[in-house]
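What follows is structure-v7.cif (mmCIF, C-alpha atoms).
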```cif
data_query
#
loop_
_atom_site.label_atom_id
_atom_site.label_comp_id
_atom_site.auth_asym_id
_atom_site.auth_seq_id
_atom_site.Cartn_x
_atom_site.Cartn_y
_atom_site.Cartn_z
CA MET V 1 -8.41 -20.93 24.49
CA THR V 2 -9.25 -17.88 22.42
CA THR V 3 -11.56 -15.36 24.05
CA THR V 4 -13.62 -12.99 21.95
CA ALA V 5 -15.59 -9.90 22.78
CA THR V 6 -18.44 -8.73 20.57
CA ILE V 7 -18.60 -5.01 20.02
CA THR V 8 -21.98 -3.45 19.31
CA SER V 9 -21.97 -1.94 15.83
CA ILE V 10 -23.31 1.43 14.89
CA GLU V 11 -26.50 1.53 12.87
CA ASN V 12 -26.24 -0.26 9.50
CA GLN V 13 -22.67 -1.45 10.23
CA PRO V 14 -22.02 -5.17 9.58
CA SER V 15 -21.62 -6.96 12.89
CA THR V 16 -18.01 -7.55 13.83
CA THR V 17 -16.43 -9.84 16.38
CA TYR V 18 -13.09 -8.58 17.65
CA LYS V 19 -10.54 -10.92 19.12
CA LEU V 20 -8.67 -9.75 22.18
CA ARG V 21 -5.40 -8.14 21.21
CA ALA V 22 -2.30 -10.27 20.82
CA THR V 23 0.63 -9.38 23.05
CA SER V 24 2.83 -6.54 21.76
CA LYS V 25 5.38 -6.01 24.50
CA TRP V 26 8.03 -4.87 22.03
CA VAL V 27 6.42 -1.44 21.62
CA THR V 28 7.08 -0.60 25.29
CA LYS V 29 10.82 -1.14 24.94
CA SER V 30 13.34 1.62 24.36
CA PHE V 31 15.44 1.76 21.20
CA TRP V 32 18.36 0.08 22.96
CA GLU V 33 16.19 -2.65 24.45
CA ARG V 34 14.67 -3.66 21.13
CA ASN V 35 16.34 -6.14 18.83
CA PHE V 36 17.11 -5.42 15.18
CA TRP V 37 13.73 -6.64 13.93
CA GLU V 38 11.82 -4.61 16.48
CA ASN V 39 13.70 -1.41 15.65
CA VAL V 40 12.98 -1.84 11.96
CA ALA V 41 9.31 -2.59 12.68
CA SER V 42 9.08 0.60 14.76
CA ILE V 43 9.01 2.53 11.46
CA ASP V 44 5.33 1.57 11.36
CA LEU V 45 4.52 2.99 14.81
CA ALA V 46 2.11 5.91 14.49
CA SER V 47 1.37 8.40 17.29
CA LYS V 48 0.14 7.03 20.61
CA LYS V 49 -3.30 8.50 19.91
CA CYS V 50 -3.83 6.00 17.09
CA TYR V 51 -3.54 3.10 19.55
CA GLU V 52 -6.01 4.46 22.09
CA VAL V 53 -9.81 4.51 21.97
CA GLN V 54 -11.05 8.01 21.14
CA SER V 55 -14.31 9.83 21.71
CA LYS V 56 -16.79 9.39 18.87
CA ASN V 57 -16.47 12.10 16.23
CA PRO V 58 -19.99 13.28 15.36
CA ASP V 59 -18.87 14.91 12.10
CA ALA V 60 -18.72 13.13 8.76
CA PRO V 61 -15.21 12.27 7.51
CA PRO V 62 -13.81 15.29 5.63
CA MET V 63 -12.85 15.21 1.96
CA HIS V 64 -9.07 15.03 1.77
CA ASN V 65 -7.36 17.28 -0.79
CA LEU V 66 -6.57 14.84 -3.58
CA TRP V 67 -4.53 17.36 -5.57
CA TRP V 68 -2.19 17.79 -2.62
CA GLU V 69 -1.65 14.03 -2.58
CA ARG V 70 -0.90 14.05 -6.29
CA PHE V 71 1.64 16.82 -5.75
CA TRP V 72 3.17 14.85 -2.85
CA LEU V 73 3.46 11.76 -5.05
CA ILE V 74 5.29 13.74 -7.73
CA LEU V 75 7.72 15.10 -5.13
CA ALA V 76 8.29 11.67 -3.61
CA ILE V 77 8.51 9.52 -6.76
CA SER V 78 10.49 11.74 -9.15
CA PRO V 79 13.85 12.22 -7.31
CA ALA V 80 15.19 8.75 -8.18
CA LEU V 81 14.37 9.22 -11.86
CA ILE V 82 15.78 12.74 -11.91
CA PHE V 83 19.01 11.63 -10.22
CA GLN V 84 19.64 8.90 -12.80
CA ALA V 85 18.78 11.24 -15.68
CA LEU V 86 21.15 13.92 -14.38
CA TRP V 87 23.92 11.35 -13.89
CA TYR V 88 23.68 10.29 -17.53
CA HIS V 89 23.59 13.91 -18.61
CA PHE V 90 26.60 15.20 -16.67
CA VAL V 91 28.92 12.17 -16.54
CA PRO V 92 30.78 12.08 -19.88
CA GLU V 93 29.84 9.30 -22.28
CA THR V 94 33.52 8.39 -22.50
CA SER V 95 33.61 7.68 -18.77
CA TYR V 96 33.49 4.10 -17.51
CA TYR V 97 30.89 5.28 -14.98
CA HIS V 98 28.56 6.90 -17.51
CA THR V 99 26.11 3.99 -17.77
CA TRP V 100 24.71 2.03 -14.85
CA HIS V 101 25.23 -1.71 -14.76
CA PRO V 102 21.88 -3.48 -14.08
CA MET V 103 23.09 -4.51 -10.61
CA VAL V 104 24.00 -0.90 -9.77
CA THR V 105 20.60 0.20 -11.02
CA TYR V 106 18.93 -2.52 -8.94
CA LEU V 107 20.71 -1.46 -5.76
CA PHE V 108 20.02 2.22 -6.43
CA TYR V 109 16.29 1.74 -6.99
CA ALA V 110 15.98 -0.73 -4.10
CA ILE V 111 17.46 1.89 -1.75
CA ALA V 112 15.29 4.56 -3.35
CA PHE V 113 12.19 2.37 -2.90
CA LEU V 114 13.04 1.74 0.76
CA THR V 115 13.56 5.48 1.32
CA TYR V 116 10.31 6.28 -0.47
CA THR V 117 8.45 3.72 1.65
CA ILE V 118 9.74 5.16 4.94
CA VAL V 119 8.86 8.72 3.90
CA MET V 120 5.45 7.55 2.69
CA VAL V 121 4.68 5.78 5.98
CA LYS V 122 5.53 8.91 7.98
CA HIS V 123 3.35 10.95 5.63
CA ILE V 124 0.44 8.60 6.28
CA HIS V 125 1.08 8.56 10.04
CA TYR V 126 0.69 12.35 10.08
CA TYR V 127 -2.81 12.09 8.65
CA MET V 128 -3.75 9.17 10.91
CA ASP V 129 -3.06 11.51 13.81
CA TYR V 130 -4.62 14.56 12.11
CA TYR V 131 -7.91 13.00 10.98
CA GLY V 132 -8.15 10.10 13.42
CA THR V 133 -9.04 6.60 12.25
CA PHE V 134 -12.20 4.70 11.42
CA ASP V 135 -13.88 2.82 14.27
CA GLU V 136 -11.56 4.54 16.78
CA ASP V 137 -14.40 5.06 19.28
CA LYS V 138 -14.68 1.26 19.59
CA ARG V 139 -11.19 0.03 18.88
CA PRO V 140 -7.99 1.80 17.81
CA ARG V 141 -5.28 0.56 15.45
CA ASP V 142 -3.53 -2.72 16.23
CA TYR V 143 0.14 -3.07 17.01
CA VAL V 144 2.08 -5.82 15.29
CA SER V 145 2.07 -8.72 17.73
CA ASP V 146 5.36 -9.95 19.20
CA PRO V 147 5.47 -13.19 17.16
CA MET V 148 4.80 -11.31 13.91
CA VAL V 149 7.52 -8.64 14.16
CA THR V 150 10.22 -10.63 12.37
CA ARG V 151 7.72 -11.90 9.78
CA LEU V 152 6.66 -8.32 9.03
CA VAL V 153 10.22 -7.08 8.50
CA VAL V 154 11.05 -10.05 6.29
CA SER V 155 7.88 -9.43 4.26
CA VAL V 156 8.84 -5.78 3.75
CA GLY V 157 12.33 -6.79 2.63
CA ILE V 158 11.01 -9.35 0.15
CA TYR V 159 8.47 -6.86 -1.17
CA ILE V 160 11.02 -4.10 -1.79
CA LEU V 161 13.70 -6.34 -3.32
CA ALA V 162 11.29 -8.38 -5.45
CA ARG V 163 9.25 -5.44 -6.72
CA THR V 164 12.42 -3.52 -7.62
CA GLY V 165 13.97 -6.46 -9.47
CA GLY V 166 10.69 -7.44 -11.07
CA GLY V 167 10.18 -3.93 -12.42
CA LEU V 168 13.61 -3.88 -14.06
CA ILE V 169 13.14 -7.34 -15.58
CA LEU V 170 9.55 -6.92 -16.74
CA GLY V 171 10.33 -3.42 -18.00
CA GLY V 172 13.33 -4.64 -20.01
CA TYR V 173 15.88 -2.30 -18.40
CA ASN V 174 18.44 -0.98 -20.86
CA ARG V 175 21.56 0.51 -19.24
CA TYR V 176 22.04 2.85 -22.20
CA GLU V 177 18.63 4.50 -21.82
CA PRO V 178 18.26 6.92 -18.89
CA PRO V 179 14.83 8.11 -17.72
CA SER V 180 13.40 10.35 -20.42
CA LEU V 181 9.85 11.60 -20.92
CA GLY V 182 8.71 10.64 -24.40
CA HIS V 183 11.27 7.84 -24.61
CA THR V 184 11.59 5.46 -21.64
CA ILE V 185 8.53 7.12 -20.09
CA SER V 186 5.57 7.52 -22.44
CA TRP V 187 3.82 10.87 -22.72
CA LEU V 188 0.71 8.85 -21.87
CA PHE V 189 2.33 7.13 -18.89
CA ILE V 190 -0.46 8.19 -16.52
CA ILE V 191 -3.04 6.41 -18.70
CA LYS V 192 -0.78 3.37 -19.13
CA ILE V 193 -0.24 3.05 -15.38
CA ALA V 194 -3.93 3.61 -14.66
CA VAL V 195 -4.88 0.76 -17.02
CA TRP V 196 -2.09 -1.40 -15.56
CA LEU V 197 -3.50 -0.84 -12.06
CA ILE V 198 -6.98 -1.85 -13.23
CA ALA V 199 -5.56 -5.00 -14.86
CA LEU V 200 -3.63 -5.76 -11.68
CA ASP V 201 -6.79 -5.23 -9.64
CA PHE V 202 -8.66 -7.78 -11.75
CA PHE V 203 -6.09 -10.50 -11.10
CA PHE V 204 -5.82 -9.48 -7.46
CA TYR V 205 -9.62 -9.56 -7.08
CA CYS V 206 -9.82 -13.10 -8.47
CA TYR V 207 -7.06 -14.34 -6.19
CA HIS V 208 -8.25 -12.38 -3.15
CA ARG V 209 -11.88 -13.47 -3.38
CA SER V 210 -10.78 -17.08 -3.81
CA CYS V 211 -8.79 -16.78 -0.58
CA HIS V 212 -11.94 -15.82 1.30
CA ASP V 213 -14.19 -18.41 -0.38
CA ILE V 214 -11.95 -21.49 -0.48
CA PRO V 215 -10.94 -22.89 2.95
CA PHE V 216 -7.41 -24.04 2.13
CA LEU V 217 -6.62 -20.69 0.48
CA TRP V 218 -8.00 -18.88 3.53
CA LYS V 219 -5.36 -20.66 5.60
CA ILE V 220 -2.76 -19.02 3.37
CA HIS V 221 -4.37 -15.58 3.53
CA SER V 222 -5.52 -15.56 7.17
CA LEU V 223 -2.14 -14.33 8.45
CA HIS V 224 -2.79 -11.03 6.69
CA HIS V 225 -6.10 -10.81 8.56
CA CYS V 226 -4.54 -11.25 12.00
CA THR V 227 -5.55 -7.61 12.56
CA LYS V 228 -8.92 -5.96 11.99
CA HIS V 229 -7.46 -2.47 12.41
CA PRO V 230 -4.14 -2.51 10.54
CA THR V 231 -1.48 0.12 9.98
CA PRO V 232 0.31 1.04 6.71
CA ILE V 233 3.18 -1.46 6.72
CA GLN V 234 0.88 -4.27 7.83
CA SER V 235 -0.42 -4.11 4.26
CA ILE V 236 2.69 -6.15 3.38
CA LEU V 237 2.38 -8.70 6.21
CA ALA V 238 1.82 -12.09 4.58
CA GLY V 239 2.91 -15.70 4.48
CA ASP V 240 5.35 -17.13 1.96
CA ILE V 241 2.80 -18.42 -0.55
CA GLN V 242 0.80 -15.20 -0.45
CA GLU V 243 3.98 -13.20 -1.07
CA VAL V 244 4.77 -15.25 -4.16
CA ILE V 245 1.27 -14.63 -5.54
CA GLU V 246 0.94 -10.94 -4.67
CA VAL V 247 4.51 -9.78 -5.14
CA PHE V 248 5.42 -11.87 -8.20
CA LEU V 249 2.49 -13.43 -10.03
CA VAL V 250 -0.18 -10.70 -9.88
CA PRO V 251 2.14 -7.92 -11.19
CA LEU V 252 3.46 -10.35 -13.81
CA ALA V 253 -0.07 -11.04 -15.07
CA ALA V 254 -0.87 -7.31 -15.19
CA SER V 255 2.36 -6.61 -17.08
CA LEU V 256 1.49 -9.21 -19.71
CA VAL V 257 -1.74 -7.28 -20.33
CA VAL V 258 -0.25 -3.77 -20.12
CA PRO V 259 3.55 -3.79 -20.60
CA LEU V 260 5.42 -0.99 -18.84
CA THR V 261 9.00 0.17 -19.26
CA ALA V 262 11.36 -0.14 -16.31
CA HIS V 263 10.99 3.54 -15.45
CA GLU V 264 7.21 3.45 -15.81
CA PHE V 265 7.19 0.43 -13.54
CA TRP V 266 9.06 2.44 -10.92
CA ILE V 267 6.28 5.03 -10.94
CA ALA V 268 3.59 2.33 -10.91
CA GLN V 269 5.03 0.42 -7.97
CA CYS V 270 5.38 3.62 -5.93
CA ILE V 271 1.71 4.44 -6.55
CA LEU V 272 0.75 0.82 -5.86
CA ILE V 273 2.37 0.63 -2.43
CA TYR V 274 0.98 4.08 -1.58
CA ILE V 275 -2.58 2.91 -2.28
CA GLU V 276 -2.01 -0.33 -0.37
CA ALA V 277 -0.55 1.51 2.62
CA THR V 278 -3.26 4.19 2.82
CA GLY V 279 -5.87 1.45 2.46
CA HIS V 280 -4.49 -0.19 5.61
CA SER V 281 -4.14 3.06 7.57
CA GLY V 282 -7.78 3.56 8.49
CA ILE V 283 -7.46 7.34 8.06
CA ARG V 284 -10.90 8.77 8.81
CA ALA V 285 -11.31 10.87 5.70
CA TYR V 286 -12.90 10.55 2.29
CA TRP V 287 -9.58 9.78 0.61
CA PRO V 288 -10.04 8.26 -2.87
CA HIS V 289 -7.54 6.75 -5.31
CA ALA V 290 -5.05 9.40 -6.47
CA LEU V 291 -5.00 8.21 -10.08
CA LEU V 292 -8.39 6.61 -10.79
CA TYR V 293 -10.86 8.68 -8.77
CA GLU V 294 -12.45 10.91 -11.44
CA ALA V 295 -12.60 8.13 -14.03
CA LEU V 296 -14.44 5.70 -11.76
CA LEU V 297 -16.60 8.05 -9.69
CA PRO V 298 -19.50 8.30 -12.21
CA PHE V 299 -19.87 4.51 -12.08
CA GLY V 300 -19.70 4.18 -8.30
CA MET V 301 -16.51 2.16 -8.70
CA GLU V 302 -14.07 4.56 -7.02
CA LEU V 303 -12.08 3.29 -4.05
CA CYS V 304 -11.56 5.12 -0.77
CA ILE V 305 -9.75 4.18 2.44
CA GLU V 306 -12.87 3.07 4.27
CA ASP V 307 -13.50 0.30 1.73
CA HIS V 308 -10.46 -1.79 2.62
CA ASP V 309 -10.74 -0.85 6.28
CA LEU V 310 -14.20 -2.45 6.26
CA HIS V 311 -12.75 -5.48 4.47
CA HIS V 312 -10.44 -6.11 7.43
CA ARG V 313 -13.18 -5.53 9.99
CA LEU V 314 -15.42 -8.05 8.23
CA GLY V 315 -12.67 -10.69 8.27
CA LYS V 316 -13.32 -13.93 6.38
CA SER V 317 -16.79 -12.78 5.32
CA GLY V 318 -14.84 -10.26 3.30
CA LYS V 319 -16.42 -8.05 0.64
CA ASN V 320 -14.45 -5.17 -0.94
CA TYR V 321 -11.89 -7.55 -2.41
CA GLY V 322 -10.41 -5.00 -4.82
CA LYS V 323 -7.47 -2.98 -3.55
CA GLN V 324 -7.13 -0.42 -6.35
CA THR V 325 -10.74 -0.06 -7.51
CA ARG V 326 -14.28 -1.25 -6.82
CA ILE V 327 -14.84 -2.18 -10.48
CA PHE V 328 -14.94 -5.91 -9.93
CA ASP V 329 -16.66 -5.69 -6.55
CA ARG V 330 -19.39 -3.71 -8.32
CA ILE V 331 -19.62 -6.13 -11.25
CA PHE V 332 -19.69 -9.27 -9.09
CA GLY V 333 -21.79 -7.88 -6.23
CA THR V 334 -19.21 -7.98 -3.45
CA ILE V 335 -19.30 -4.32 -2.43
CA SER V 336 -19.90 -3.48 1.22
CA ASP V 337 -21.86 -0.32 1.95
CA ARG V 338 -19.74 2.41 3.46
CA ILE V 339 -20.61 3.38 7.01
CA GLU V 340 -19.11 6.83 7.45
CA CYS V 341 -17.94 8.03 4.03
CA VAL V 342 -20.46 9.39 1.60
CA GLN V 343 -19.85 10.40 -2.01
CA LYS V 344 -18.66 14.01 -2.14
#
```
Mind turning the file's structure into structure tokens?
Amino acid sequence: MTTTATITSIENQPSTTYKLRATSKWVTKSFWERNFWENVASIDLASKKCYEVQSKNPDAPPMHNLWWERFWLILAISPALIFQALWYHFVPETSYYHTWHPMVTYLFYAIAFLTYTIVMVKHIHYYMDYYGTFDEDKRPRDYVSDPMVTRLVVSVGIYILARTGGGLILGGYNRYEPPSLGHTISWLFIIKIAVWLIALDFFFYCYHRSCHDIPFLWKIHSLHHCTKHPTPIQSILAGDIQEVIEVFLVPLAASLVVPLTAHEFWIAQCILIYIEATGHSGIRAYWPHALLYEALLPFGMELCIEDHDLHHRLGKSGKNYGKQTRIFDRIFGTISDRIECVQK
């Protein structure tokens, strides 16, 4: 039998029913006591504070420095591109090792993507501890439950391998063309990626809203909603069918609308997972989209972390179906009013 406890909402907050937490005994084990899956999943463990109820913060969420985040993204995303460009520059063209075979490129960028993801998660954990998290005075962040640990790690592996390979295929990787601004990376790459993210958000919105409105699709999507207070890597937790749709089909549809090169796709997928991870972190700050904020703010369509955090708290009743913007939530009337964040 499932027992539920209803938590009284603050004024104007949609009522929320929280299930009692699933068992997460794995987090109490030492490194040597955990199995392989549990040690990998521990990458997503934030500070202990994030998993404990905190005193209510009477102050409004602060405005996070968006320019610092943009600088961080440049520092985190560019090394892989720079390394490949320098390799092609310094290794003689007459050398057998001058160009990278597609499989070598795939392995390199898969490892780079995994490294980027780990660094990104730790970056987000820092701010979860620094700012606190939404709703923390009622319920803190959820651990991954014991039965879901292996599923989470598998989902992360599929995500990294599929997104890396998909980017090279959709981007038409050419082993004779190293990363080069103005050539394999357009001078207007920021605009291209921004439009690609909006296109992706449209297809994601359609799929995501259908999952909440159509019962048999909800059965597919409900695994992702096993937590109302997720953490960054739980953004990837999903069943097999959902992974096929989100990891393969949605990016494919967006790429048919806005084609990207392989190296532009690398930048786009790094920004994409960053937005998805911060959106599942619950960081209690006004933290808008790093790429689309200024363009969408005048229309009330900008996304911030609280939007998707509320989506998880509302469960099947949903709202805030977009994960990159609020464009389509605004157009189709599925926006949920923010509770703590106000427009700055």
| request: Output the residue selection produced by the PyMOL selection byres ((chain V and resi 308-324) around 7) on the file above, formatted as number ranges by chain. | output: V: 16, 197, 201, 204-205, 208-209, 212, 225, 228-229, 275-276, 279-280, 282, 303, 305-307, 325-326, 328-329, 334-336
The selected residues should be written to file as an mmCIF file, in the frame of the given file (atoms: C-alpha atoms).
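selection.cif, written as the output of this step:
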```cif
data_model
loop_
_atom_site.group_PDB
_atom_site.id
_atom_site.type_symbol
_atom_site.label_atom_id
_atom_site.label_comp_id
_atom_site.auth_asym_id
_atom_site.auth_seq_id
_atom_site.Cartn_x
_atom_site.Cartn_y
_atom_site.Cartn_z
ATOM 1 C CA THR V 16 -18.010 -7.550 13.830
ATOM 2 C CA LEU V 197 -3.500 -0.840 -12.060
ATOM 3 C CA ASP V 201 -6.790 -5.230 -9.640
ATOM 4 C CA PHE V 204 -5.820 -9.480 -7.460
ATOM 5 C CA TYR V 205 -9.620 -9.560 -7.080
ATOM 6 C CA HIS V 208 -8.250 -12.380 -3.150
ATOM 7 C CA ARG V 209 -11.880 -13.470 -3.380
ATOM 8 C CA HIS V 212 -11.940 -15.820 1.300
ATOM 9 C CA HIS V 225 -6.100 -10.810 8.560
ATOM 10 C CA LYS V 228 -8.920 -5.960 11.990
ATOM 11 C CA HIS V 229 -7.460 -2.470 12.410
ATOM 12 C CA ILE V 275 -2.580 2.910 -2.280
ATOM 13 C CA GLU V 276 -2.010 -0.330 -0.370
ATOM 14 C CA GLY V 279 -5.870 1.450 2.460
ATOM 15 C CA HIS V 280 -4.490 -0.190 5.610
ATOM 16 C CA GLY V 282 -7.780 3.560 8.490
ATOM 17 C CA LEU V 303 -12.080 3.290 -4.050
ATOM 18 C CA ILE V 305 -9.750 4.180 2.440
ATOM 19 C CA GLU V 306 -12.870 3.070 4.270
ATOM 20 C CA ASP V 307 -13.500 0.300 1.730
ATOM 21 C CA THR V 325 -10.740 -0.060 -7.510
ATOM 22 C CA ARG V 326 -14.280 -1.250 -6.820
ATOM 23 C CA PHE V 328 -14.940 -5.910 -9.930
ATOM 24 C CA ASP V 329 -16.660 -5.690 -6.550
ATOM 25 C CA THR V 334 -19.210 -7.980 -3.450
ATOM 26 C CA ILE V 335 -19.300 -4.320 -2.430
ATOM 27 C CA SER V 336 -19.900 -3.480 1.220
#
```
| field | Which residue of V:Tyr109, V:Tyr286, V:Trp68, V:Phe189 approaches Leu81 (chain V) most closely, using all atoms listed in the file | value | V:Tyr109
When the PyMOL selection byres ((chain V and resi 190) around 12) is applied to the structure above, which residues does it catch, written out as a JSON list (two decimals) with C-alpha atoms, in the coordinates of the input?
```json
[["chain", "number", "residue", "atom", "x", "y", "z"],
["V", 70, "ARG", "CA", -0.90, 14.05, -6.29],
["V", 74, "ILE", "CA", 5.29, 13.74, -7.73],
["V", 181, "LEU", "CA", 9.85, 11.60, -20.92],
["V", 185, "ILE", "CA", 8.53, 7.12, -20.09],
["V", 186, "SER", "CA", 5.57, 7.52, -22.44],
["V", 187, "TRP", "CA", 3.82, 10.87, -22.72],
["V", 188, "LEU", "CA", 0.71, 8.85, -21.87],
["V", 189, "PHE", "CA", 2.33, 7.13, -18.89],
["V", 191, "ILE", "CA", -3.04, 6.41, -18.70],
["V", 192, "LYS", "CA", -0.78, 3.37, -19.13],
["V", 193, "ILE", "CA", -0.24, 3.05, -15.38],
["V", 194, "ALA", "CA", -3.93, 3.61, -14.66],
["V", 195, "VAL", "CA", -4.88, 0.76, -17.02],
["V", 196, "TRP", "CA", -2.09, -1.40, -15.56],
["V", 197, "LEU", "CA", -3.50, -0.84, -12.06],
["V", 260, "LEU", "CA", 5.42, -0.99, -18.84],
["V", 264, "GLU", "CA", 7.21, 3.45, -15.81],
["V", 265, "PHE", "CA", 7.19, 0.43, -13.54],
["V", 267, "ILE", "CA", 6.28, 5.03, -10.94],
["V", 268, "ALA", "CA", 3.59, 2.33, -10.91],
["V", 271, "ILE", "CA", 1.71, 4.44, -6.55],
["V", 290, "ALA", "CA", -5.05, 9.40, -6.47],
["V", 291, "LEU", "CA", -5.00, 8.21, -10.08],
["V", 292, "LEU", "CA", -8.39, 6.61, -10.79]]
```
| So which residues touch Leu152 (chain V) within 8 Å, counting all atoms listed in the file, skipping near sequence neighbours fewer than 2 positions away, as JSON, numbers by chain? | {"V": [41, 148, 149, 150, 154, 155, 156, 234, 236, 237, 238]}
| remark: What separates CA of Leu66 (chain V) and CA of His125 (chain V) is a distance of 16.8 Å
| Selection result for the PyMOL selection byres ((chain V and resi 216-220) around 9) on this file, as JSON, numbers by chain | {"V": [210, 211, 212, 213, 214, 215, 221, 222, 223, 224, 238, 239, 240, 241, 242, 316]}
Can you build me a table of region 147-177 of chain V residues sitting at most 7 Å from region 101-106 of chain V, with the closest atom pair per residue and its distance in Å to one decimal, using only C-alpha atoms, sorted by chain and residue number, as JSON lines?
```
{"residue": "V:Thr164", "atom": "CA", "partner": "V:Tyr106", "partner_atom": "CA", "distance": 6.7}
{"residue": "V:Gly165", "atom": "CA", "partner": "V:Tyr106", "partner_atom": "CA", "distance": 6.4}
{"residue": "V:Arg175", "atom": "CA", "partner": "V:His101", "partner_atom": "CA", "distance": 6.2}
```
| Can you tell me, as a count of residues only, which residues sit within 6 Å of (11.7, -1.8, 12.8) in the file's frame, using all atoms listed in the file? | 7
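Note that the spacing between CA of Thr278 (chain V) and CA of Val144 (chain V) amounts to 16.9 Å.
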| request: Pick out the closest residue to Tyr143 (chain V) from this set: V:Ser30, V:Ser180, V:Gln54, V:Ser24. Count only C-alpha atoms. | output: V:Ser24
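Minimum atom-to-atom distance to Ala162 (chain V), evaluated using all atoms listed in the file, belongs to V:Gln269 out of V:Asn35, V:Ser95, V:Thr28, V:Gln269.
Here CA of Gly166 (chain V) stands at a distance of 25.6 Å from CA of Lys122 (chain V).
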| Given all atoms listed in the file as the counted atoms, nearest of V:Lys56, V:His289, V:Thr261, V:Leu272 to Tyr173 (chain V) | V:Thr261
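With all atoms listed in the file taken into account, every residue lying no more than 8 Å from the file point (19.7, 7.1, -21.0) is included here: V:Ala85, V:Tyr88, V:Thr99, V:Arg175, V:Tyr176, V:Glu177, V:Pro178, V:Pro179, V:Ser180.
When all atoms listed in the file are used to measure the gap to Glu243 (chain V), the shortest distance among V:Arg163, V:Lys49, V:His64, V:Arg141 belongs to V:Arg163.
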